[in-house]
>>> print(open('coords39.txt').read())   # compact mmCIF, C-alpha atoms
# COMPACT_ATOMS: atom_id res chain seq x y z
CA MET Z 1 -37.24 18.12 -15.88
CA ARG Z 2 -33.64 17.03 -16.06
CA THR Z 3 -32.73 14.30 -13.63
CA MET Z 4 -29.24 13.49 -12.50
CA MET Z 5 -28.30 10.75 -10.11
CA ALA Z 6 -25.03 9.36 -8.86
CA THR Z 7 -23.82 6.34 -6.99
CA LEU Z 8 -20.79 4.92 -5.30
CA VAL Z 9 -20.59 1.25 -6.15
CA GLY Z 10 -18.34 -0.39 -3.61
CA LEU Z 11 -17.57 -3.87 -4.84
CA ALA Z 12 -14.11 -4.84 -3.64
CA LEU Z 13 -11.54 -6.32 -5.98
CA VAL Z 14 -10.63 -9.80 -4.94
CA ALA Z 15 -7.26 -11.36 -5.59
CA VAL Z 16 -7.86 -14.63 -7.41
CA PRO Z 17 -4.91 -16.99 -7.83
CA ALA Z 18 -3.91 -17.13 -11.48
CA ALA Z 19 -3.71 -20.43 -13.29
CA ALA Z 20 -0.30 -21.63 -14.43
CA GLY Z 21 0.98 -19.39 -17.21
CA GLU Z 22 -1.94 -16.94 -16.84
CA PRO Z 23 -1.01 -13.30 -16.19
CA LYS Z 24 -1.97 -12.05 -12.74
CA LYS Z 25 -3.98 -8.93 -12.10
CA LEU Z 26 -2.12 -5.65 -11.97
CA ASP Z 27 -2.86 -4.80 -8.34
CA ALA Z 28 -1.93 -8.29 -7.12
CA ALA Z 29 1.33 -8.01 -9.08
CA LEU Z 30 2.06 -4.60 -7.53
CA LYS Z 31 1.55 -6.13 -4.09
CA GLU Z 32 4.22 -8.75 -4.85
CA GLN Z 33 6.60 -6.16 -6.28
CA ALA Z 34 6.22 -3.94 -3.20
CA GLU Z 35 7.72 -6.65 -1.01
CA ARG Z 36 10.70 -6.97 -3.38
CA ILE Z 37 11.22 -3.20 -3.44
CA LEU Z 38 11.32 -3.04 0.35
CA ALA Z 39 13.82 -5.92 0.44
CA PHE Z 40 16.00 -4.00 -2.05
CA ALA Z 41 15.72 -0.83 0.06
CA ARG Z 42 16.79 -2.66 3.21
CA ASP Z 43 19.73 -4.25 1.38
CA LYS Z 44 20.89 -0.81 0.19
CA HIS Z 45 20.26 0.82 3.60
CA CYS Z 46 17.64 3.18 2.17
CA LYS Z 47 15.39 4.66 4.85
CA ASN Z 48 12.83 6.64 2.82
CA VAL Z 49 11.29 5.49 -0.47
CA GLY Z 50 9.13 7.38 -2.96
CA VAL Z 51 7.34 6.42 -6.18
CA LEU Z 52 7.34 8.67 -9.26
CA LYS Z 53 5.08 8.89 -12.27
CA PHE Z 54 5.38 6.00 -14.74
CA LEU Z 55 5.89 6.27 -18.46
CA VAL Z 56 3.41 4.39 -20.67
CA ARG Z 57 3.63 3.22 -24.27
CA THR Z 58 2.03 0.82 -26.72
CA GLY Z 59 4.21 -1.70 -28.55
CA ASP Z 60 7.42 -0.07 -29.75
CA GLY Z 61 5.97 3.42 -29.54
CA ALA Z 62 7.64 6.25 -27.69
CA PRO Z 63 7.04 6.27 -23.92
CA SER Z 64 4.85 9.13 -22.73
CA ASP Z 65 4.36 10.71 -19.32
CA ASN Z 66 0.81 11.71 -20.24
CA VAL Z 67 -1.20 9.05 -22.07
CA GLY Z 68 -3.92 9.51 -19.48
CA PRO Z 69 -4.56 8.94 -15.77
CA LEU Z 70 -2.63 5.63 -15.82
CA ASN Z 71 0.76 7.38 -15.62
CA LEU Z 72 0.13 8.75 -12.17
CA ALA Z 73 -2.31 6.02 -11.09
CA LEU Z 74 0.42 3.38 -11.31
CA ALA Z 75 2.62 5.43 -9.00
CA ASP Z 76 -0.24 5.98 -6.57
CA ARG Z 77 -1.18 2.29 -6.49
CA LEU Z 78 2.42 1.20 -5.97
CA THR Z 79 2.73 3.74 -3.12
CA VAL Z 80 -0.27 2.16 -1.37
CA ALA Z 81 1.23 -1.28 -1.99
CA LEU Z 82 4.48 -0.21 -0.32
CA VAL Z 83 2.66 1.18 2.71
CA LEU Z 84 0.71 -2.06 3.15
CA ALA Z 85 3.85 -4.18 2.69
CA CYS Z 86 5.86 -2.39 5.39
CA PRO Z 87 6.33 -4.71 8.41
CA ASP Z 88 7.38 -1.77 10.59
CA GLU Z 89 8.44 1.88 10.41
CA GLU Z 90 12.08 1.13 9.69
CA ILE Z 91 11.48 2.29 6.13
CA GLY Z 92 9.36 5.37 5.44
CA ILE Z 93 7.13 5.76 2.38
CA LEU Z 94 6.82 9.24 0.89
CA ARG Z 95 3.45 10.90 0.42
CA ASP Z 96 2.80 13.17 -2.57
CA ALA Z 97 6.23 12.56 -4.07
CA ASN Z 98 5.06 13.64 -7.51
CA ALA Z 99 3.51 16.86 -6.23
CA ILE Z 100 6.82 17.83 -4.61
CA ALA Z 101 8.82 16.75 -7.67
CA ALA Z 102 6.68 19.07 -9.81
CA THR Z 103 8.04 22.04 -7.84
CA ILE Z 104 11.76 21.21 -8.26
CA LYS Z 105 13.43 23.05 -11.11
CA LYS Z 106 15.15 20.83 -13.72
CA ALA Z 107 14.16 17.67 -11.82
CA ASN Z 108 13.14 14.59 -13.79
CA HIS Z 109 13.91 10.89 -13.80
CA LEU Z 110 14.88 10.66 -17.48
CA ASP Z 111 18.54 11.63 -17.10
CA GLU Z 112 21.13 11.40 -14.35
CA ASP Z 113 21.34 15.12 -13.57
CA GLY Z 114 17.57 15.40 -13.38
CA ARG Z 115 17.37 12.39 -11.06
CA ILE Z 116 19.94 13.91 -8.70
CA GLN Z 117 17.81 17.07 -8.45
CA LEU Z 118 14.89 15.03 -7.09
CA PHE Z 119 16.88 14.49 -3.89
CA SER Z 120 17.34 18.21 -3.26
CA ARG Z 121 14.08 18.60 -1.34
CA SER Z 122 12.41 17.08 1.69
CA TYR Z 123 9.16 15.15 1.29
CA PRO Z 124 6.28 14.34 3.69
CA LEU Z 125 5.83 10.80 4.96
CA ALA Z 126 2.64 8.81 4.45
CA TRP Z 127 2.12 8.76 8.22
CA GLY Z 128 3.20 10.87 11.19
CA GLU Z 129 3.00 14.59 11.92
CA MET Z 130 1.88 16.73 8.98
CA GLU Z 131 4.90 19.00 9.37
CA GLN Z 132 7.33 16.08 9.40
CA THR Z 133 9.44 15.80 6.25
CA VAL Z 134 12.37 13.60 5.34
CA ARG Z 135 15.04 13.38 2.70
CA PRO Z 136 14.49 10.56 0.18
CA ASP Z 137 17.01 7.75 -0.25
CA LEU Z 138 15.39 5.79 -3.08
CA PHE Z 139 12.90 6.49 -5.85
CA VAL Z 140 11.00 3.88 -7.81
CA THR Z 141 9.37 4.42 -11.19
CA GLY Z 142 8.80 2.33 -14.29
CA ILE Z 143 7.53 1.86 -17.82
CA ALA Z 144 4.22 0.18 -18.63
CA THR Z 145 3.98 -1.24 -22.14
CA LEU Z 146 0.71 -2.33 -23.70
CA SER Z 147 1.14 -5.07 -26.30
CA PRO Z 148 0.27 -4.09 -29.90
CA ASP Z 149 -2.99 -6.06 -29.63
CA LEU Z 150 -3.64 -4.44 -26.23
CA LYS Z 151 -4.28 -7.82 -24.58
CA GLU Z 152 -1.34 -7.65 -22.16
CA THR Z 153 0.43 -4.98 -20.16
CA THR Z 154 4.08 -5.40 -19.18
CA VAL Z 155 5.58 -3.34 -16.38
CA GLN Z 156 9.31 -2.77 -15.95
CA LEU Z 157 10.19 -1.23 -12.58
CA GLN Z 158 13.23 1.05 -12.25
CA CYS Z 159 14.89 2.66 -9.26
CA PHE Z 160 17.65 5.11 -8.47
CA ARG Z 161 19.44 6.53 -5.44
CA LYS Z 162 21.15 9.82 -4.71
CA ASP Z 163 23.86 9.28 -7.34
CA GLY Z 164 21.14 9.36 -10.01
CA LYS Z 165 22.20 6.08 -11.59
CA LEU Z 166 19.19 4.19 -12.93
CA THR Z 167 18.96 0.46 -12.25
CA GLU Z 168 16.44 -2.16 -13.32
CA ASN Z 169 17.00 -4.78 -10.65
CA PHE Z 170 13.42 -6.02 -10.77
CA ARG Z 171 12.14 -8.52 -13.28
CA ASN Z 172 9.35 -7.14 -15.41
CA PHE Z 173 5.91 -8.67 -15.05
CA THR Z 174 3.04 -9.07 -17.49
CA VAL Z 175 -0.66 -8.98 -16.69
CA ALA Z 176 -3.84 -9.15 -18.73
CA THR Z 177 -4.96 -5.68 -19.77
CA SER Z 178 -8.13 -4.71 -17.91
CA ALA Z 179 -10.96 -2.44 -18.95
CA ARG Z 180 -9.71 -0.04 -16.29
CA THR Z 181 -6.26 0.13 -17.91
CA LEU Z 182 -7.83 0.81 -21.29
CA ILE Z 183 -9.87 3.66 -19.82
CA GLU Z 184 -6.87 5.10 -17.98
CA THR Z 185 -4.81 5.15 -21.18
CA GLY Z 186 -7.55 6.97 -23.08
CA ARG Z 187 -8.70 3.95 -25.10
CA PRO Z 188 -12.29 3.97 -26.38
CA PHE Z 189 -14.55 0.93 -26.45
CA LEU Z 190 -18.23 0.21 -26.80
CA LEU Z 191 -20.02 -3.01 -25.84
CA THR Z 192 -23.62 -3.25 -27.04
CA LYS Z 193 -26.41 -5.79 -26.82
CA LYS Z 194 -25.90 -6.50 -30.51
CA SER Z 195 -22.12 -6.95 -30.40
CA HIS Z 196 -21.95 -8.84 -27.07
CA PRO Z 197 -25.37 -10.33 -26.24
CA ASP Z 198 -23.99 -12.57 -23.46
CA LEU Z 199 -22.86 -9.48 -21.58
CA PHE Z 200 -26.40 -8.13 -21.46
CA ASP Z 201 -28.21 -11.41 -20.75
CA GLY Z 202 -29.90 -10.14 -17.61
CA ALA Z 203 -29.02 -12.08 -14.46
CA LYS Z 204 -26.90 -14.43 -16.56
CA GLY Z 205 -24.65 -11.67 -17.83
CA ILE Z 206 -20.89 -12.17 -17.58
CA ASP Z 207 -19.11 -10.46 -14.72
CA GLU Z 208 -16.73 -7.51 -14.74
CA GLU Z 209 -13.63 -9.65 -14.94
CA GLN Z 210 -14.81 -11.49 -18.04
CA ALA Z 211 -15.76 -8.19 -19.64
CA ASP Z 212 -12.10 -7.17 -19.86
CA LYS Z 213 -11.53 -9.34 -22.93
CA PRO Z 214 -14.31 -7.91 -25.11
CA SER Z 215 -13.34 -4.40 -23.97
CA THR Z 216 -9.78 -5.09 -25.11
CA ASP Z 217 -10.89 -6.59 -28.42
CA VAL Z 218 -13.09 -3.58 -29.21
CA SER Z 219 -10.36 -1.13 -28.17
CA HIS Z 220 -7.91 -2.87 -30.50
CA LYS Z 221 -10.46 -2.74 -33.32
CA PHE Z 222 -10.90 0.97 -32.72
CA ALA Z 223 -7.13 1.51 -32.54
CA THR Z 224 -6.50 -0.15 -35.90
CA GLY Z 225 -9.34 1.63 -37.70
CA PRO Z 226 -9.70 5.26 -38.78
CA ALA Z 227 -10.24 7.56 -35.80
CA ALA Z 228 -13.20 9.19 -37.55
CA ASN Z 229 -14.95 5.81 -37.68
CA VAL Z 230 -14.55 5.44 -33.91
CA VAL Z 231 -16.31 8.72 -33.27
CA ALA Z 232 -19.05 7.80 -35.74
CA VAL Z 233 -19.69 4.44 -34.06
CA LEU Z 234 -19.76 5.98 -30.59
CA GLU Z 235 -22.14 8.72 -31.66
CA LYS Z 236 -24.47 6.30 -33.48
CA GLU Z 237 -24.54 3.26 -31.17
CA ALA Z 238 -23.54 4.56 -27.73
CA PRO Z 239 -26.18 4.40 -24.99
CA VAL Z 240 -25.19 7.90 -23.91
CA LYS Z 241 -24.58 10.72 -26.36
CA VAL Z 242 -21.95 13.19 -25.20
CA THR Z 243 -21.97 16.78 -26.44
CA LEU Z 244 -19.21 19.20 -25.44
CA TYR Z 245 -19.70 22.97 -25.33
CA TYR Z 246 -17.34 25.93 -24.97
CA ASP Z 247 -19.55 28.83 -23.85
CA ASN Z 248 -22.66 28.37 -26.03
CA ASP Z 249 -20.88 26.72 -28.95
CA GLU Z 250 -21.10 22.98 -29.60
CA ILE Z 251 -17.59 21.62 -30.20
CA PRO Z 252 -17.43 18.75 -32.72
CA VAL Z 253 -15.05 15.89 -31.96
CA LYS Z 254 -12.65 15.19 -34.83
CA ASN Z 255 -10.46 12.08 -34.70
CA GLY Z 256 -11.03 11.84 -30.94
CA SER Z 257 -9.84 15.39 -30.26
CA VAL Z 258 -11.16 18.91 -29.86
CA PRO Z 259 -9.42 22.30 -29.82
CA GLU Z 260 -8.02 23.39 -26.50
CA PRO Z 261 -10.39 25.76 -24.63
CA THR Z 262 -9.14 29.26 -24.01
CA LYS Z 263 -8.63 30.57 -20.51
CA ASP Z 264 -11.95 32.39 -20.17
CA GLN Z 265 -14.23 29.91 -21.96
CA LYS Z 266 -16.89 28.05 -19.98
CA VAL Z 267 -16.70 24.29 -20.55
CA TRP Z 268 -19.79 22.14 -20.05
CA PHE Z 269 -21.29 18.82 -21.15
CA LYS Z 270 -24.70 17.59 -22.20
CA LEU Z 271 -25.33 13.88 -21.56
CA GLU Z 272 -28.27 12.24 -23.33
CA ASN Z 273 -29.43 8.72 -22.56
CA THR Z 274 -30.54 7.35 -25.94
CA SER Z 275 -31.26 3.86 -24.59
CA LYS Z 276 -34.11 2.16 -22.74
CA ASP Z 277 -31.84 1.36 -19.78
CA VAL Z 278 -30.85 3.40 -16.76
CA CYS Z 279 -27.25 4.54 -17.31
CA GLY Z 280 -24.61 5.48 -14.76
CA VAL Z 281 -22.03 7.89 -16.18
CA VAL Z 282 -18.61 8.68 -14.74
CA LEU Z 283 -17.45 11.97 -16.26
CA LYS Z 284 -13.84 12.82 -15.50
CA VAL Z 285 -11.78 15.87 -16.37
CA ASN Z 286 -8.02 15.26 -16.31
CA GLY Z 287 -8.61 11.99 -14.45
CA VAL Z 288 -10.74 13.65 -11.74
CA ASN Z 289 -14.40 12.69 -11.29
CA THR Z 290 -16.89 15.54 -11.64
CA ILE Z 291 -18.55 14.28 -8.45
CA PHE Z 292 -16.54 14.97 -5.28
CA LYS Z 293 -13.29 15.16 -7.33
CA GLU Z 294 -12.68 11.43 -6.83
CA LYS Z 295 -9.61 9.77 -8.34
CA LEU Z 296 -10.89 6.24 -7.77
CA PRO Z 297 -11.43 3.47 -10.33
CA ASP Z 298 -14.53 4.30 -12.34
CA LYS Z 299 -16.52 1.40 -10.90
CA ASP Z 300 -15.95 2.84 -7.40
CA CYS Z 301 -16.77 6.43 -8.36
CA HIS Z 302 -20.07 8.20 -7.84
CA LYS Z 303 -21.98 8.29 -11.09
CA TRP Z 304 -24.36 10.65 -12.82
CA ILE Z 305 -27.45 8.52 -13.47
CA LEU Z 306 -29.67 9.13 -16.47
CA LYS Z 307 -33.09 7.53 -16.68
CA PRO Z 308 -34.10 6.20 -20.11
CA GLU Z 309 -34.11 8.96 -22.73
CA ALA Z 310 -33.23 11.58 -20.10
CA VAL Z 311 -30.94 14.56 -20.69
CA THR Z 312 -28.68 16.19 -18.13
CA VAL Z 313 -26.07 18.92 -18.08
CA VAL Z 314 -22.77 18.93 -16.17
CA ARG Z 315 -21.18 22.35 -15.77
CA GLY Z 316 -18.62 21.68 -13.07
CA PHE Z 317 -17.46 19.62 -10.12
CA GLN Z 318 -20.09 18.64 -7.54
CA THR Z 319 -18.03 19.47 -4.45
CA ASN Z 320 -20.61 18.40 -1.83
CA LEU Z 321 -24.30 17.57 -1.54
CA ALA Z 322 -25.30 21.21 -1.94
CA GLU Z 323 -22.88 22.94 -4.30
CA ARG Z 324 -20.83 22.66 -7.45
CA ARG Z 325 -17.83 24.54 -8.78
CA ASP Z 326 -17.70 25.44 -12.48
CA PHE Z 327 -14.97 23.86 -14.59
CA ASP Z 328 -11.72 25.76 -14.90
CA VAL Z 329 -9.83 23.78 -17.52
CA GLN Z 330 -6.31 24.95 -18.17
CA SER Z 331 -3.28 23.41 -19.81
CA PRO Z 332 0.06 23.40 -18.03
CA ALA Z 333 2.91 25.50 -19.30
CA GLU Z 334 5.02 23.61 -21.82
CA SER Z 335 8.08 22.10 -20.14
CA ARG Z 336 11.32 21.13 -21.81
CA ALA Z 337 11.06 17.94 -23.86
CA THR Z 338 13.56 16.24 -21.54
CA GLU Z 339 11.43 16.80 -18.44
CA VAL Z 340 8.59 14.78 -17.01
CA LYS Z 341 5.51 16.70 -15.95
CA TYR Z 342 4.87 15.21 -12.52
CA GLY Z 343 1.40 16.66 -12.05
CA ASP Z 344 -1.75 14.67 -12.67
CA PHE Z 345 -2.72 16.59 -15.81
CA SER Z 346 -3.83 14.30 -18.62
CA GLY Z 347 -5.52 16.56 -21.18
CA LEU Z 348 -8.57 14.29 -21.37
CA PHE Z 349 -12.30 14.51 -20.91
CA GLN Z 350 -13.44 10.94 -20.22
CA VAL Z 351 -16.91 9.42 -20.19
CA THR Z 352 -17.39 5.91 -18.83
CA VAL Z 353 -20.85 4.35 -18.95
CA PHE Z 354 -22.42 1.61 -16.83
CA VAL Z 355 -25.94 0.32 -17.44
CA ALA Z 356 -28.62 -1.26 -15.28
CA HIS Z 357 -30.00 -3.61 -17.91
CA GLY Z 358 -32.76 -6.17 -17.57
CA GLU Z 359 -33.29 -8.25 -14.48
CA ALA Z 360 -30.88 -7.43 -11.70
CA LYS Z 361 -28.47 -10.12 -10.65
CA PRO Z 362 -29.29 -11.83 -7.36
CA GLU Z 363 -27.43 -10.34 -4.42
CA ALA Z 364 -24.27 -12.33 -3.88
CA PRO Z 365 -23.37 -13.32 -0.32
CA ALA Z 366 -21.15 -10.74 1.34
CA LEU Z 367 -17.52 -11.59 0.72
CA VAL Z 368 -15.29 -12.04 3.73
CA LEU Z 369 -11.91 -10.87 2.53
CA ASN Z 370 -8.67 -11.93 4.11
CA ASP Z 371 -5.86 -9.44 4.67
CA ASP Z 372 -4.20 -10.18 1.32
CA GLN Z 373 -7.44 -9.60 -0.56
CA LYS Z 374 -8.10 -6.38 1.35
CA ALA Z 375 -4.59 -5.22 0.50
CA VAL Z 376 -5.15 -5.83 -3.22
CA ALA Z 377 -8.47 -3.96 -3.05
CA ALA Z 378 -6.82 -1.03 -1.25
CA ILE Z 379 -4.02 -0.94 -3.84
CA ALA Z 380 -6.64 -0.79 -6.60
CA LYS Z 381 -8.09 2.38 -5.07
CA GLY Z 382 -4.64 3.95 -5.24
CA SER Z 383 -5.13 6.58 -2.56
CA LEU Z 384 -3.66 7.24 0.88
CA ASP Z 385 -6.38 9.77 1.69
CA VAL Z 386 -8.12 8.00 4.54
CA ALA Z 387 -8.48 11.03 6.83
CA SER Z 388 -8.13 14.81 6.75
CA ILE Z 389 -4.96 14.44 8.83
CA PRO Z 390 -2.44 11.69 7.99
CA PRO Z 391 -2.51 8.85 10.55
CA GLY Z 392 0.12 9.17 13.24
CA ASN Z 393 1.73 5.79 12.63
CA LEU Z 394 2.06 3.04 10.06
CA ARG Z 395 -0.26 0.55 11.76
CA THR Z 396 -3.13 3.05 11.90
CA LEU Z 397 -2.71 3.93 8.23
CA GLN Z 398 -2.64 0.26 7.20
CA SER Z 399 -5.75 -0.41 9.27
CA LYS Z 400 -7.65 2.52 7.74
CA LEU Z 401 -6.69 1.48 4.21
CA ARG Z 402 -8.08 -2.01 4.78
CA LYS Z 403 -11.15 -0.73 6.64
CA ARG Z 404 -12.01 1.57 3.76
CA VAL Z 405 -12.44 -1.54 1.62
CA ASP Z 406 -15.03 -2.91 4.07
CA ASP Z 407 -16.82 0.44 4.32
CA ALA Z 408 -17.10 0.80 0.52
CA ALA Z 409 -19.80 -1.84 0.13
CA GLY Z 410 -23.18 -0.57 -0.99
CA GLY Z 411 -24.77 1.35 -3.85
CA LYS Z 412 -25.28 4.83 -2.41
CA GLY Z 413 -25.78 7.68 -4.80
CA MET Z 414 -27.69 10.92 -5.31
CA VAL Z 415 -30.40 12.62 -7.33
CA ASP Z 416 -30.22 16.15 -8.68
CA ALA Z 417 -32.88 18.32 -7.05
CA ASP Z 418 -32.31 21.40 -9.24
CA PRO Z 419 -33.89 21.29 -12.72
CA ASN Z 420 -31.85 24.23 -13.99
CA ASN Z 421 -28.49 22.87 -12.82
CA THR Z 422 -27.40 26.23 -11.42
CA LYS Z 423 -25.57 27.14 -8.24
CA PRO Z 424 -26.28 26.21 -5.48
CA HIS Z 425 -26.69 22.61 -6.58
CA PRO Z 426 -28.41 20.32 -4.02
CA VAL Z 427 -28.53 16.54 -4.52
CA GLU Z 428 -30.25 13.62 -2.84
CA LYS Z 429 -28.86 10.13 -2.36
CA ILE Z 430 -30.17 7.11 -4.26
CA ASP Z 431 -29.11 3.55 -5.16
CA PHE Z 432 -27.75 2.31 -8.48
CA LYS Z 433 -26.47 -1.19 -9.22
CA PRO Z 434 -25.07 -1.75 -12.71
CA ASN Z 435 -25.79 -4.92 -14.64
CA PRO Z 436 -23.45 -5.99 -16.19
CA ALA Z 437 -21.00 -5.02 -13.46
CA GLY Z 438 -18.30 -3.61 -15.73
CA PRO Z 439 -18.30 -0.53 -17.97
CA VAL Z 440 -19.89 -0.89 -21.39
CA MET Z 441 -18.45 2.28 -22.88
CA SER Z 442 -15.34 4.42 -22.67
CA TYR Z 443 -15.33 7.66 -24.62
CA PRO Z 444 -12.19 9.81 -24.26
CA ILE Z 445 -11.94 13.28 -25.78
CA ARG Z 446 -8.45 14.72 -25.89
CA TYR Z 447 -8.23 18.49 -25.70
CA TYR Z 448 -4.49 18.81 -25.15
CA SER Z 449 -1.60 16.70 -26.50
CA PRO Z 450 1.72 17.33 -24.75
CA LYS Z 451 5.00 16.28 -26.28
CA SER Z 452 6.44 12.92 -25.29
CA PRO Z 453 9.61 13.08 -23.17
CA LYS Z 454 12.83 12.14 -24.91
>>> encode(input="coords39.txt", output="structure tokens")
Amino acid sequence: MRTMMATLVGLALVAVPAAAGEPKKLDAALKEQAERILAFARDKHCKNVGVLKFLVRTGDGAPSDNVGPLNLALADRLTVALVLACPDEEIGILRDANAIAATIKKANHLDEDGRIQLFSRSYPLAWGEMEQTVRPDLFVTGIATLSPDLKETTVQLQCFRKDGKLTENFRNFTVATSARTLIETGRPFLLTKKSHPDLFDGAKGIDEEQADKPSTDVSHKFATGPAANVVAVLEKEAPVKVTLYYDNDEIPVKNGSVPEPTKDQKVWFKLENTSKDVCGVVLKVNGVNTIFKEKLPDKDCHKWILKPEAVTVVRGFQTNLAERRDFDVQSPAESRATEVKYGDFSGLFQVTVFVAHGEAKPEAPALVLNDDQKAVAAIAKGSLDVASIPPGNLRTLQSKLRKRVDDAAGGKGMVDADPNNTKPHPVEKIDFKPNPAGPVMSYPIRYYSPKSPK
């Protein structure tokens, strides 16, 4: 009988002061930049500010608007940072700026004419009446550059006003590349008991933060080796074997990619736990979790749990505790090379694996976070969706964003109650606590490669 389980692991990110010369964490850096952006907006008498999709590149490579979920995630996290940094409602922060931008013909932030077009529409605010819309005065975007060895990520913020002239009035900042960034840029890695024994040393295992370095080292090793070797290593040594099907046909992965599915093909996955550990798997399609369509960091997402040597099948999105919706994977229409696709499409299937290995770590005392730490944790989640209706004012929204961090604690999950994995699809809640805390595997499969903007 196939068994599937899932969990929401709610450990909050904590802002830890960096040592002298040590790069800060990305979300803490975004918090600092948000305050500078608001100061700039006040100085230029800008009343409404929006954040647009970032470009991402590695080294001197061409910037892309679609390396993976990171492009849009950076914009979402900076939007949350701006909301939390607002001292009052003098400046409004736009909600869903990218979704609106995607509907504006010939709009993009790569050339002056395209930037001007972005001001031709009204946008909703992050708080207030749902019908309330405003005209933007300032847009912020940027370029994130991963160093050639992937160890650091440098972010250059850019902004422009109604005249469409692009300025870079903000100093760039550099942070250590995290496992999350690697995953969100479609970078594979695999940490095993053989390659990193300290990571799997039971209760003595290193924590999630320390795991970023080995994740980066392995990703760089994979990036500099033949792509076919990466797939071979993942298939041979991975704790979870991933098999992709279109209809009833198994689709082999070649150099990290598969052919694009046609419109009417049914896409589904078989996940096999080949290890002796319980594994928690986050399976995302185009950056969206297959459980509840979450867009959270993988560690905060619900997870499909596979018992040792278990096999499970995922045919769609689990929309609630009783039902699922089959995958409907489609590529967007090709846009002109000079335009940015503002939607959240990434062309990736992504599998991230957590394990519950050996003796569980002792429960740490509950952390009491101050407001700054709660703000950094809320920025990390990168979502303003705290209620079905946007909060009526800024203070309420800020309070709900911080409260969501407190409410996230715990290891709630669910167990599949249907052995055939057919609709309807009931599930039951369970607990899952990974050890080590961070992901041990990232396996991206690209099924669509859009052109880079020029």
>>> atom_distance(input="coords39.txt", atom1="CA of Phe170 in chain Z", atom2="CA of Phe345 in chain Z")
28.2 Å
>>> closest_residue(input="coords39.txt", among="Z:Asp113, Z:Asp264, Z:Asp27, Z:Glu272", to="Val353 in chain Z", atoms="all atoms listed in the file")
Z:Glu272
>>> residues_around(input="coords39.txt", residues="Thr133 in chain Z", least_positions_apart="4", cutoff="8 Å", atoms="all atoms listed in the file", output="list in words")
Ser122, Tyr123, Pro124 and Leu125 of chain Z
>>> closest_residue(input="coords39.txt", among="Z:Val329, Z:Ile305, Z:Leu321, Z:Val278", to="Val355 in chain Z", atoms="only C-alpha atoms")
Z:Val278
>>> closest_residue(input="coords39.txt", among="Z:Lys31, Z:His357, Z:Arg404, Z:Lys381", to="Cys301 in chain Z", atoms="only C-alpha atoms")
Z:Lys381
>>> closest_residue(input="coords39.txt", among="Z:Asn370, Z:Ser120, Z:Ser257, Z:Thr167", to="Val134 in chain Z", atoms="all atoms listed in the file")
Z:Ser120
>>> closest_residue(input="coords39.txt", among="Z:Tyr448, Z:Tyr443, Z:Phe40, Z:Phe200", to="Gly186 in chain Z", atoms="all atoms listed in the file")
Z:Tyr443
>>> closest_residue(input="coords39.txt", among="Z:Gln117, Z:Ser449, Z:Ser383, Z:Thr192", to="Asp163 in chain Z", atoms="all atoms listed in the file")
Z:Gln117
>>> residues_around(input="coords39.txt", residues="Leu150 in chain Z", least_positions_apart="5", cutoff="9 Å", atoms="all atoms listed in the file", output="short mmCIF file (atom, residue, chain, number, x, y, z; two decimals) with C-alpha atoms, in the coordinates of the input")
data_model
loop_
_atom_site.label_atom_id
_atom_site.label_comp_id
_atom_site.auth_asym_id
_atom_site.auth_seq_id
_atom_site.Cartn_x
_atom_site.Cartn_y
_atom_site.Cartn_z
CA THR Z 58 2.03 0.82 -26.72
CA GLY Z 59 4.21 -1.70 -28.55
CA ALA Z 176 -3.84 -9.15 -18.73
CA THR Z 177 -4.96 -5.68 -19.77
CA LEU Z 182 -7.83 0.81 -21.29
CA THR Z 216 -9.78 -5.09 -25.11
CA ASP Z 217 -10.89 -6.59 -28.42
CA SER Z 219 -10.36 -1.13 -28.17
CA HIS Z 220 -7.91 -2.87 -30.50
#
>>> residues_near_point(input="coords39.txt", point="(-0.7, 13.0, -8.9)", cutoff="12 Å", atoms="all atoms listed in the file", output="number ranges by chain")
Z: 51-54, 65-66, 68-77, 79, 95-102, 286-288, 295, 341-346, 382-384
>>> residues_around(input="coords39.txt", residues="Val267 in chain Z", least_positions_apart="2", cutoff="9 Å", atoms="only C-alpha atoms", output="list of chain:residue names")
Z:Leu244, Z:Tyr245, Z:Tyr246, Z:Asp247, Z:Pro261, Z:Gln265, Z:Phe269, Z:Arg315, Z:Gly316, Z:Asp326, Z:Phe327, Z:Asp328, Z:Val329
>>> write_last_selection(input="coords39.txt", atoms="C-alpha atoms", output="compact mmCIF listing (two decimals), in the coordinates of the input")
# COMPACT_ATOMS: atom_id res chain seq x y z
CA LEU Z 244 -19.21 19.20 -25.44
CA TYR Z 245 -19.70 22.97 -25.33
CA TYR Z 246 -17.34 25.93 -24.97
CA ASP Z 247 -19.55 28.83 -23.85
CA PRO Z 261 -10.39 25.76 -24.63
CA GLN Z 265 -14.23 29.91 -21.96
CA PHE Z 269 -21.29 18.82 -21.15
CA ARG Z 315 -21.18 22.35 -15.77
CA GLY Z 316 -18.62 21.68 -13.07
CA ASP Z 326 -17.70 25.44 -12.48
CA PHE Z 327 -14.97 23.86 -14.59
CA ASP Z 328 -11.72 25.76 -14.90
CA VAL Z 329 -9.83 23.78 -17.52
>>> atom_distance(input="coords39.txt", atom1="CA of Gln156 in chain Z", atom2="CA of Gly142 in chain Z")
5.4 Å
>>> residues_around(input="coords39.txt", residues="Pro390 in chain Z", least_positions_apart="6", cutoff="9 Å", atoms="all atoms listed in the file", output="list in words")
Leu125, Ala126, Trp127, Gly128, Glu129, Met130, Leu384 and Leu397 of chain Z
>>> residues_around(input="coords39.txt", residues="Glu309 in chain Z", least_positions_apart="4", cutoff="9 Å", atoms="all atoms listed in the file", output="list in words")
Glu272, Asn273, Thr274, Ser275, Lys276, Asp277 and Val278 of chain Z
